[in-house]
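Asker: For reference, the file coords28.tsv (TSV, N, CA and C atoms) is included below:
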```tsv
chain	number	residue	atom	x	y	z
A	1	MET	N	-10.39	-42.73	7.66
A	1	MET	CA	-9.38	-42.67	6.63
A	1	MET	C	-8.29	-43.66	7.00
A	2	LEU	N	-7.86	-44.45	6.07
A	2	LEU	CA	-6.74	-45.35	6.33
A	2	LEU	C	-5.51	-44.78	5.65
A	3	PRO	N	-4.44	-44.50	6.29
A	3	PRO	CA	-4.20	-44.80	7.70
A	3	PRO	C	-5.09	-43.95	8.60
A	4	HIS	N	-5.27	-44.42	9.82
A	4	HIS	CA	-6.14	-43.74	10.76
A	4	HIS	C	-5.47	-42.45	11.25
A	5	LEU	N	-6.24	-41.37	11.28
A	5	LEU	CA	-5.76	-40.08	11.76
A	5	LEU	C	-6.63	-39.61	12.91
A	6	ARG	N	-5.99	-39.10	13.95
A	6	ARG	CA	-6.75	-38.48	15.05
A	6	ARG	C	-6.13	-37.12	15.33
A	7	TYR	N	-6.94	-36.10	15.18
A	7	TYR	CA	-6.51	-34.74	15.48
A	7	TYR	C	-7.27	-34.30	16.72
A	8	GLU	N	-6.54	-33.78	17.69
A	8	GLU	CA	-7.18	-33.44	18.97
A	8	GLU	C	-6.69	-32.08	19.43
A	9	THR	N	-7.61	-31.26	19.91
A	9	THR	CA	-7.25	-29.97	20.50
A	9	THR	C	-7.95	-29.85	21.85
A	10	ILE	N	-7.18	-29.52	22.85
A	10	ILE	CA	-7.71	-29.31	24.19
A	10	ILE	C	-7.48	-27.84	24.53
A	11	ARG	N	-8.53	-27.16	24.97
A	11	ARG	CA	-8.44	-25.74	25.28
A	11	ARG	C	-8.88	-25.49	26.73
A	12	ALA	N	-8.19	-24.58	27.37
A	12	ALA	CA	-8.57	-24.11	28.70
A	12	ALA	C	-8.23	-22.63	28.76
A	13	GLY	N	-9.22	-21.79	28.51
A	13	GLY	CA	-8.97	-20.35	28.45
A	13	GLY	C	-8.03	-20.02	27.31
A	14	LYS	N	-6.95	-19.31	27.62
A	14	LYS	CA	-6.00	-18.94	26.57
A	14	LYS	C	-4.99	-20.05	26.27
A	15	TYR	N	-5.04	-21.12	27.04
A	15	TYR	CA	-4.08	-22.21	26.85
A	15	TYR	C	-4.67	-23.32	25.98
A	16	TRP	N	-3.80	-24.00	25.24
A	16	TRP	CA	-4.25	-25.07	24.35
A	16	TRP	C	-3.14	-26.10	24.17
A	17	PHE	N	-3.56	-27.27	23.82
A	17	PHE	CA	-2.67	-28.39	23.47
A	17	PHE	C	-3.29	-29.05	22.25
A	18	SER	N	-2.51	-29.31	21.24
A	18	SER	CA	-3.03	-29.91	20.01
A	18	SER	C	-2.11	-31.03	19.57
A	19	SER	N	-2.71	-32.13	19.08
A	19	SER	CA	-1.89	-33.25	18.61
A	19	SER	C	-2.52	-33.89	17.38
A	20	LEU	N	-1.66	-34.50	16.59
A	20	LEU	CA	-2.07	-35.30	15.44
A	20	LEU	C	-1.42	-36.66	15.60
A	21	THR	N	-2.23	-37.70	15.64
A	21	THR	CA	-1.74	-39.07	15.76
A	21	THR	C	-2.15	-39.83	14.51
A	22	THR	N	-1.21	-40.56	13.92
A	22	THR	CA	-1.52	-41.40	12.76
A	22	THR	C	-1.13	-42.84	13.08
A	23	VAL	N	-1.94	-43.77	12.60
A	23	VAL	CA	-1.63	-45.20	12.71
A	23	VAL	C	-1.62	-45.73	11.28
A	24	THR	N	-0.46	-46.17	10.82
A	24	THR	CA	-0.28	-46.59	9.44
A	24	THR	C	0.09	-48.06	9.38
A	25	PRO	N	-0.66	-48.87	8.64
A	25	PRO	CA	-0.27	-50.28	8.48
A	25	PRO	C	1.06	-50.37	7.73
A	26	ILE	N	1.97	-51.17	8.25
A	26	ILE	CA	3.27	-51.39	7.61
A	26	ILE	C	3.28	-52.77	6.95
A	27	THR	N	2.85	-53.78	7.68
A	27	THR	CA	2.69	-55.14	7.17
A	27	THR	C	1.35	-55.63	7.69
A	28	ARG	N	1.01	-56.88	7.38
A	28	ARG	CA	-0.24	-57.46	7.89
A	28	ARG	C	-0.29	-57.47	9.42
A	29	ALA	N	0.87	-57.58	10.04
A	29	ALA	CA	0.91	-57.75	11.50
A	29	ALA	C	1.49	-56.55	12.24
A	30	ARG	N	1.89	-55.50	11.52
A	30	ARG	CA	2.54	-54.37	12.19
A	30	ARG	C	1.98	-53.04	11.71
A	31	CYS	N	1.85	-52.11	12.66
A	31	CYS	CA	1.45	-50.74	12.35
A	31	CYS	C	2.49	-49.79	12.94
A	32	ARG	N	2.49	-48.61	12.42
A	32	ARG	CA	3.39	-47.56	12.91
A	32	ARG	C	2.53	-46.45	13.51
A	33	ILE	N	2.89	-45.97	14.70
A	33	ILE	CA	2.20	-44.86	15.33
A	33	ILE	C	3.13	-43.65	15.29
A	34	ASP	N	2.63	-42.56	14.72
A	34	ASP	CA	3.38	-41.30	14.70
A	34	ASP	C	2.54	-40.23	15.38
A	35	VAL	N	3.19	-39.39	16.17
A	35	VAL	CA	2.50	-38.34	16.89
A	35	VAL	C	3.30	-37.04	16.76
A	36	VAL	N	2.58	-35.97	16.50
A	36	VAL	CA	3.18	-34.63	16.53
A	36	VAL	C	2.26	-33.78	17.40
A	37	ALA	N	2.87	-32.95	18.24
A	37	ALA	CA	2.07	-32.14	19.16
A	37	ALA	C	2.68	-30.75	19.30
A	38	CYS	N	1.80	-29.81	19.64
A	38	CYS	CA	2.27	-28.46	19.95
A	38	CYS	C	1.35	-27.90	21.04
A	39	TRP	N	1.86	-26.89	21.76
A	39	TRP	CA	1.10	-26.36	22.89
A	39	TRP	C	1.63	-24.99	23.27
A	40	ASN	N	0.85	-24.29	24.07
A	40	ASN	CA	1.32	-23.03	24.65
A	40	ASN	C	1.16	-23.05	26.17
A	41	ILE	N	1.22	-24.24	26.75
A	41	ILE	CA	1.11	-24.38	28.20
A	41	ILE	C	2.47	-24.72	28.80
A	42	PHE	N	2.66	-24.33	30.00
A	42	PHE	CA	3.87	-24.63	30.77
A	42	PHE	C	5.16	-24.12	30.14
A	43	ASN	N	5.06	-23.10	29.28
A	43	ASN	CA	6.28	-22.55	28.69
A	43	ASN	C	7.15	-21.86	29.74
A	44	TRP	N	6.53	-21.40	30.81
A	44	TRP	CA	7.24	-20.71	31.87
A	44	TRP	C	7.90	-21.66	32.87
A	45	VAL	N	7.51	-22.95	32.83
A	45	VAL	CA	8.06	-23.94	33.76
A	45	VAL	C	9.41	-24.42	33.23
A	46	PRO	N	10.47	-24.39	34.08
A	46	PRO	CA	11.75	-24.93	33.61
A	46	PRO	C	11.57	-26.40	33.18
A	47	PHE	N	12.07	-26.73	32.05
A	47	PHE	CA	11.98	-28.07	31.48
A	47	PHE	C	10.55	-28.50	31.17
A	48	GLY	N	9.61	-27.52	31.09
A	48	GLY	CA	8.20	-27.82	30.80
A	48	GLY	C	8.01	-28.64	29.53
A	49	PRO	N	8.58	-28.20	28.39
A	49	PRO	CA	8.42	-28.98	27.16
A	49	PRO	C	8.96	-30.40	27.29
A	50	SER	N	10.09	-30.56	27.97
A	50	SER	CA	10.66	-31.90	28.15
A	50	SER	C	9.75	-32.77	29.00
A	51	LEU	N	9.16	-32.18	30.04
A	51	LEU	CA	8.24	-32.93	30.89
A	51	LEU	C	6.99	-33.35	30.12
A	52	LEU	N	6.44	-32.42	29.31
A	52	LEU	CA	5.27	-32.76	28.51
A	52	LEU	C	5.58	-33.87	27.52
A	53	LYS	N	6.75	-33.82	26.91
A	53	LYS	CA	7.14	-34.87	25.97
A	53	LYS	C	7.22	-36.22	26.67
A	54	LEU	N	7.76	-36.23	27.89
A	54	LEU	CA	7.86	-37.48	28.66
A	54	LEU	C	6.48	-38.03	28.98
A	55	VAL	N	5.57	-37.16	29.44
A	55	VAL	CA	4.21	-37.59	29.76
A	55	VAL	C	3.51	-38.08	28.50
A	56	PHE	N	3.66	-37.34	27.42
A	56	PHE	CA	3.01	-37.71	26.17
A	56	PHE	C	3.52	-39.06	25.66
A	57	ALA	N	4.81	-39.30	25.83
A	57	ALA	CA	5.39	-40.59	25.41
A	57	ALA	C	4.75	-41.74	26.18
A	58	LYS	N	4.39	-41.52	27.44
A	58	LYS	CA	3.71	-42.56	28.24
A	58	LYS	C	2.34	-42.86	27.65
A	59	PHE	N	1.61	-41.84	27.23
A	59	PHE	CA	0.29	-42.05	26.61
A	59	PHE	C	0.43	-42.83	25.30
A	60	VAL	N	1.42	-42.48	24.50
A	60	VAL	CA	1.63	-43.17	23.22
A	60	VAL	C	2.00	-44.64	23.48
A	61	GLU	N	2.79	-44.89	24.50
A	61	GLU	CA	3.15	-46.26	24.84
A	61	GLU	C	1.91	-47.05	25.27
A	62	GLN	N	0.99	-46.40	26.00
A	62	GLN	CA	-0.26	-47.07	26.38
A	62	GLN	C	-1.07	-47.42	25.13
A	63	ASP	N	-1.13	-46.51	24.17
A	63	ASP	CA	-1.84	-46.78	22.91
A	63	ASP	C	-1.20	-47.96	22.17
A	64	ARG	N	0.13	-47.96	22.11
A	64	ARG	CA	0.84	-49.05	21.42
A	64	ARG	C	0.54	-50.39	22.08
A	65	ARG	N	0.61	-50.42	23.39
A	65	ARG	CA	0.37	-51.68	24.12
A	65	ARG	C	-1.09	-52.13	23.95
A	66	THR	N	-2.02	-51.18	23.98
A	66	THR	CA	-3.44	-51.50	23.77
A	66	THR	C	-3.64	-52.11	22.40
A	67	MET	N	-2.98	-51.54	21.38
A	67	MET	CA	-3.10	-52.09	20.02
A	67	MET	C	-2.57	-53.51	19.96
A	68	GLU	N	-1.46	-53.78	20.66
A	68	GLU	CA	-0.92	-55.14	20.68
A	68	GLU	C	-1.91	-56.11	21.32
A	69	LEU	N	-2.48	-55.71	22.45
A	69	LEU	CA	-3.44	-56.58	23.14
A	69	LEU	C	-4.71	-56.78	22.30
A	70	GLN	N	-5.17	-55.73	21.62
A	70	GLN	CA	-6.34	-55.86	20.76
A	70	GLN	C	-6.05	-56.83	19.63
A	71	SER	N	-4.86	-56.75	19.08
A	71	SER	CA	-4.48	-57.64	17.99
A	71	SER	C	-4.52	-59.10	18.45
A	72	GLU	N	-3.98	-59.36	19.63
A	72	GLU	CA	-4.01	-60.72	20.18
A	72	GLU	C	-5.46	-61.18	20.40
A	73	GLY	N	-6.28	-60.30	20.96
A	73	GLY	CA	-7.66	-60.65	21.23
A	73	GLY	C	-8.48	-60.87	19.97
A	74	LEU	N	-8.18	-60.14	18.91
A	74	LEU	CA	-8.95	-60.26	17.67
A	74	LEU	C	-8.61	-61.52	16.88
A	75	GLU	N	-7.52	-62.20	17.25
A	75	GLU	CA	-7.14	-63.43	16.55
A	75	GLU	C	-8.20	-64.51	16.66
A	76	THR	N	-8.99	-64.49	17.73
A	76	THR	CA	-10.02	-65.51	17.93
A	76	THR	C	-11.36	-65.12	17.31
A	77	ASN	N	-11.40	-63.95	16.62
A	77	ASN	CA	-12.61	-63.46	15.97
A	77	ASN	C	-13.80	-63.38	16.94
A	78	PRO	N	-13.63	-62.65	18.05
A	78	PRO	CA	-14.71	-62.57	19.05
A	78	PRO	C	-15.83	-61.65	18.58
A	79	HIS	N	-16.99	-61.79	19.22
A	79	HIS	CA	-18.09	-60.85	18.99
A	79	HIS	C	-17.70	-59.53	19.65
A	80	LEU	N	-17.74	-58.44	18.90
A	80	LEU	CA	-17.32	-57.15	19.44
A	80	LEU	C	-18.53	-56.33	19.87
A	81	MET	N	-18.42	-55.73	21.04
A	81	MET	CA	-19.47	-54.86	21.54
A	81	MET	C	-18.95	-53.43	21.44
A	82	LEU	N	-19.09	-52.82	20.27
A	82	LEU	CA	-18.58	-51.49	20.03
A	82	LEU	C	-19.64	-50.44	20.35
A	83	ILE	N	-19.22	-49.37	21.03
A	83	ILE	CA	-20.15	-48.29	21.32
A	83	ILE	C	-20.08	-47.26	20.20
A	84	ASP	N	-21.10	-46.45	20.07
A	84	ASP	CA	-21.24	-45.62	18.87
A	84	ASP	C	-20.14	-44.59	18.69
A	85	ASP	N	-20.01	-43.62	19.57
A	85	ASP	CA	-19.07	-42.53	19.33
A	85	ASP	C	-17.60	-42.95	19.39
A	86	ALA	N	-17.18	-43.47	20.52
A	86	ALA	CA	-15.77	-43.76	20.71
A	86	ALA	C	-15.25	-44.84	19.76
A	87	ASP	N	-16.10	-45.77	19.39
A	87	ASP	CA	-15.67	-46.88	18.54
A	87	ASP	C	-16.05	-46.71	17.08
A	88	ARG	N	-16.53	-45.54	16.71
A	88	ARG	CA	-16.95	-45.35	15.32
A	88	ARG	C	-15.81	-45.62	14.33
A	89	PRO	N	-14.56	-45.15	14.56
A	89	PRO	CA	-13.49	-45.50	13.63
A	89	PRO	C	-13.28	-47.02	13.50
A	90	ALA	N	-13.43	-47.75	14.60
A	90	ALA	CA	-13.29	-49.21	14.55
A	90	ALA	C	-14.42	-49.82	13.73
A	91	LYS	N	-15.64	-49.31	13.90
A	91	LYS	CA	-16.77	-49.80	13.10
A	91	LYS	C	-16.53	-49.56	11.62
A	92	TRP	N	-16.02	-48.38	11.28
A	92	TRP	CA	-15.73	-48.07	9.88
A	92	TRP	C	-14.65	-49.00	9.33
A	93	TYR	N	-13.63	-49.25	10.14
A	93	TYR	CA	-12.56	-50.15	9.70
A	93	TYR	C	-13.13	-51.53	9.37
A	94	PHE	N	-13.95	-52.06	10.25
A	94	PHE	CA	-14.51	-53.40	10.00
A	94	PHE	C	-15.45	-53.39	8.79
A	95	ALA	N	-16.18	-52.30	8.59
A	95	ALA	CA	-17.04	-52.21	7.40
A	95	ALA	C	-16.19	-52.16	6.12
A	96	LEU	N	-15.10	-51.40	6.15
A	96	LEU	CA	-14.19	-51.34	5.00
A	96	LEU	C	-13.56	-52.70	4.73
A	97	LYS	N	-13.16	-53.37	5.79
A	97	LYS	CA	-12.55	-54.69	5.65
A	97	LYS	C	-13.54	-55.68	5.04
A	98	THR	N	-14.79	-55.66	5.52
A	98	THR	CA	-15.83	-56.54	4.98
A	98	THR	C	-16.07	-56.26	3.51
A	99	ALA	N	-16.16	-54.97	3.13
A	99	ALA	CA	-16.38	-54.60	1.73
A	99	ALA	C	-15.22	-55.06	0.86
A	100	HIS	N	-14.00	-54.92	1.37
A	100	HIS	CA	-12.82	-55.35	0.62
A	100	HIS	C	-12.82	-56.86	0.40
A	101	LEU	N	-13.09	-57.61	1.47
A	101	LEU	CA	-13.09	-59.07	1.36
A	101	LEU	C	-14.21	-59.56	0.43
A	102	GLU	N	-15.37	-58.90	0.48
A	102	GLU	CA	-16.48	-59.27	-0.39
A	102	GLU	C	-16.13	-59.00	-1.86
A	103	ALA	N	-15.51	-57.87	-2.12
A	103	ALA	CA	-15.10	-57.55	-3.50
A	103	ALA	C	-14.03	-58.53	-3.99
A	104	LYS	N	-13.15	-58.90	-3.09
A	104	LYS	CA	-12.10	-59.88	-3.45
A	104	LYS	C	-12.72	-61.24	-3.76
A	105	ARG	N	-13.74	-61.62	-2.97
A	105	ARG	CA	-14.40	-62.91	-3.14
A	105	ARG	C	-15.20	-62.95	-4.45
A	106	THR	N	-15.90	-61.86	-4.77
A	106	THR	CA	-16.78	-61.86	-5.95
A	106	THR	C	-16.12	-61.33	-7.21
A	107	GLY	N	-15.00	-60.61	-7.05
A	107	GLY	CA	-14.36	-60.00	-8.21
A	107	GLY	C	-14.99	-58.69	-8.62
A	108	ALA	N	-16.00	-58.24	-7.91
A	108	ALA	CA	-16.68	-56.98	-8.22
A	108	ALA	C	-15.91	-55.81	-7.62
A	109	GLU	N	-16.27	-54.61	-8.06
A	109	GLU	CA	-15.68	-53.40	-7.47
A	109	GLU	C	-16.08	-53.31	-6.01
A	110	PRO	N	-15.17	-52.91	-5.13
A	110	PRO	CA	-15.55	-52.77	-3.72
A	110	PRO	C	-16.58	-51.66	-3.55
A	111	LYS	N	-17.57	-51.91	-2.71
A	111	LYS	CA	-18.59	-50.91	-2.40
A	111	LYS	C	-18.20	-50.24	-1.09
A	112	HIS	N	-17.87	-48.96	-1.19
A	112	HIS	CA	-17.42	-48.24	0.01
A	112	HIS	C	-18.61	-48.07	0.96
A	113	PRO	N	-18.46	-48.46	2.22
A	113	PRO	CA	-19.58	-48.41	3.15
A	113	PRO	C	-19.93	-47.00	3.65
A	114	MET	N	-19.11	-46.01	3.35
A	114	MET	CA	-19.39	-44.66	3.80
A	114	MET	C	-19.75	-43.79	2.60
A	115	SER	N	-20.66	-42.85	2.79
A	115	SER	CA	-21.12	-42.01	1.69
A	115	SER	C	-20.17	-40.86	1.39
A	116	GLY	N	-19.31	-40.50	2.32
A	116	GLY	CA	-18.38	-39.40	2.11
A	116	GLY	C	-17.62	-39.09	3.38
A	117	PRO	N	-16.81	-38.03	3.34
A	117	PRO	CA	-16.02	-37.67	4.53
A	117	PRO	C	-16.90	-37.35	5.73
A	118	VAL	N	-16.41	-37.70	6.91
A	118	VAL	CA	-17.12	-37.44	8.15
A	118	VAL	C	-16.11	-36.91	9.17
A	119	THR	N	-16.53	-35.92	9.94
A	119	THR	CA	-15.72	-35.41	11.02
A	119	THR	C	-16.42	-35.74	12.33
A	120	LEU	N	-15.72	-36.44	13.20
A	120	LEU	CA	-16.26	-36.77	14.51
A	120	LEU	C	-15.92	-35.67	15.49
A	121	LYS	N	-16.90	-35.27	16.29
A	121	LYS	CA	-16.66	-34.25	17.32
A	121	LYS	C	-17.38	-34.68	18.58
A	122	TRP	N	-16.69	-34.65	19.68
A	122	TRP	CA	-17.34	-34.89	20.95
A	122	TRP	C	-16.54	-34.21	22.04
A	123	ARG	N	-17.18	-33.96	23.14
A	123	ARG	CA	-16.54	-33.32	24.28
A	123	ARG	C	-16.46	-34.31	25.41
A	124	SER	N	-15.40	-34.19	26.19
A	124	SER	CA	-15.27	-35.07	27.36
A	124	SER	C	-14.85	-34.26	28.55
```
Represent the structure of the file as structure tokens.

Answerer:
Amino acid sequence: MLPHLRYETIRAGKYWFSSLTTVTPITRARCRIDVVACWNIFNWVPFGPSLLKLVFAKFVEQDRRTMELQSEGLETNPHLMLIDDADRPAKWYFALKTAHLEAKRTGAEPKHPMSGPVTLKWRS
């Protein structure tokens, strides 16, 4: 789905952490990353929520920096070696982009490369 959405839940017994991350195109060269999270872990630790927010901000910064580096690398139109599960959203993005450009070139209606909604699930 564009903008890209990632919903994640991590469970360990009665404890859980859940987050929703969205990446929304703002201009041709800029995207916005928004994250919302909730959890029931470390509530008993003094400053636990503040510490989790700090750690989570580091992960989001890594994602932002990775996106910047990917953008620079994609400028040369390299051959991409995408793996199936982890890179499936990237494969869908490139398929949507190809369909859009083809429709723009021919003037025909864009042919959506996916047959319908899909939910990705995997364990790590």

Asker: Can you list, as an MDAnalysis selection string, every protein, DNA or RNA residue that comes within 6 Å of Val35 (chain A) when you count only N, CA and C atoms, leaving out same-chain residues fewer than 4 positions away?

Answerer: chainID A and resid 20:22

Asker: Just the selected residues (N, CA and C atoms), exported as a short mmCIF file (atom, residue, chain, number, x, y, z; two decimals), in the coordinates of the input, please.

Answerer:
```cif
data_model
loop_
_atom_site.label_atom_id
_atom_site.label_comp_id
_atom_site.auth_asym_id
_atom_site.auth_seq_id
_atom_site.Cartn_x
_atom_site.Cartn_y
_atom_site.Cartn_z
N LEU A 20 -1.66 -34.50 16.59
CA LEU A 20 -2.07 -35.30 15.44
C LEU A 20 -1.42 -36.66 15.60
N THR A 21 -2.23 -37.70 15.64
CA THR A 21 -1.74 -39.07 15.76
C THR A 21 -2.15 -39.83 14.51
N THR A 22 -1.21 -40.56 13.92
CA THR A 22 -1.52 -41.40 12.76
C THR A 22 -1.13 -42.84 13.08
#
```

Asker: Suppose you want the space between CA of Phe94 (chain A) and CA of Leu5 (chain A); what is it in Å?

Answerer: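 Atom-to-atom, CA of Phe94 (chain A) to CA of Leu5 (chain A), that is 16.0 Å.
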
Asker: Considering all atoms listed in the file, return as a PDB file with N, CA and C atoms, in the coordinates of the input whatever protein or nucleic-acid residues lie within 6 Å of region 24-27 of chain A, sequence-local ones (same chain, fewer than 4 positions apart) excluded.

Answerer:
```pdb
ATOM      1  N   PRO A   3      -4.440 -44.500   6.290  1.00  0.00           N
ATOM      2  CA  PRO A   3      -4.200 -44.800   7.700  1.00  0.00           C
ATOM      3  C   PRO A   3      -5.090 -43.950   8.600  1.00  0.00           C
ATOM      4  N   HIS A   4      -5.270 -44.420   9.820  1.00  0.00           N
ATOM      5  CA  HIS A   4      -6.140 -43.740  10.760  1.00  0.00           C
ATOM      6  C   HIS A   4      -5.470 -42.450  11.250  1.00  0.00           C
ATOM      7  N   CYS A  31       1.850 -52.110  12.660  1.00  0.00           N
ATOM      8  CA  CYS A  31       1.450 -50.740  12.350  1.00  0.00           C
ATOM      9  C   CYS A  31       2.490 -49.790  12.940  1.00  0.00           C
ATOM     10  N   ARG A  32       2.490 -48.610  12.420  1.00  0.00           N
ATOM     11  CA  ARG A  32       3.390 -47.560  12.910  1.00  0.00           C
ATOM     12  C   ARG A  32       2.530 -46.450  13.510  1.00  0.00           C
ATOM     13  N   ILE A  33       2.890 -45.970  14.700  1.00  0.00           N
ATOM     14  CA  ILE A  33       2.200 -44.860  15.330  1.00  0.00           C
ATOM     15  C   ILE A  33       3.130 -43.650  15.290  1.00  0.00           C
TER      16      ILE A  33
END
```

Asker: Taking only C-alpha atoms into account, which of A:Lys97, A:Ser18, A:Asp34, A:Arg105 comes nearest Arg64 (chain A)?

Answerer: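 Looking at the shortest contact to Arg64 (chain A), the residue is A:Asp34.
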
Asker: Calculate how many Å separate atom N of Tyr93 (chain A) from CA of Phe56 (chain A), rounding to one decimal.

Answerer: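 Separation of atom N of Tyr93 (chain A) and CA of Phe56 (chain A): 25.8 Å.
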
Asker: Atom N of Leu80 (chain A) to atom N of Ala99 (chain A): how many Å, to one decimal?

Answerer: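 These atoms are spaced 16.2 Å apart.
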
Asker: Within 8 Å of Trp39 (chain A), counting all atoms listed in the file, which residues show up once you throw out same-chain ones fewer than 5 positions away? Write them as a ChimeraX atom specification, please.

Answerer: /A:15-19

Asker: With DSSP run on the backbone, what are the helix (DSSP H, G or I) residues within chain A? I'd like them as number ranges by chain.

Answerer: A: 48-74, 88-106
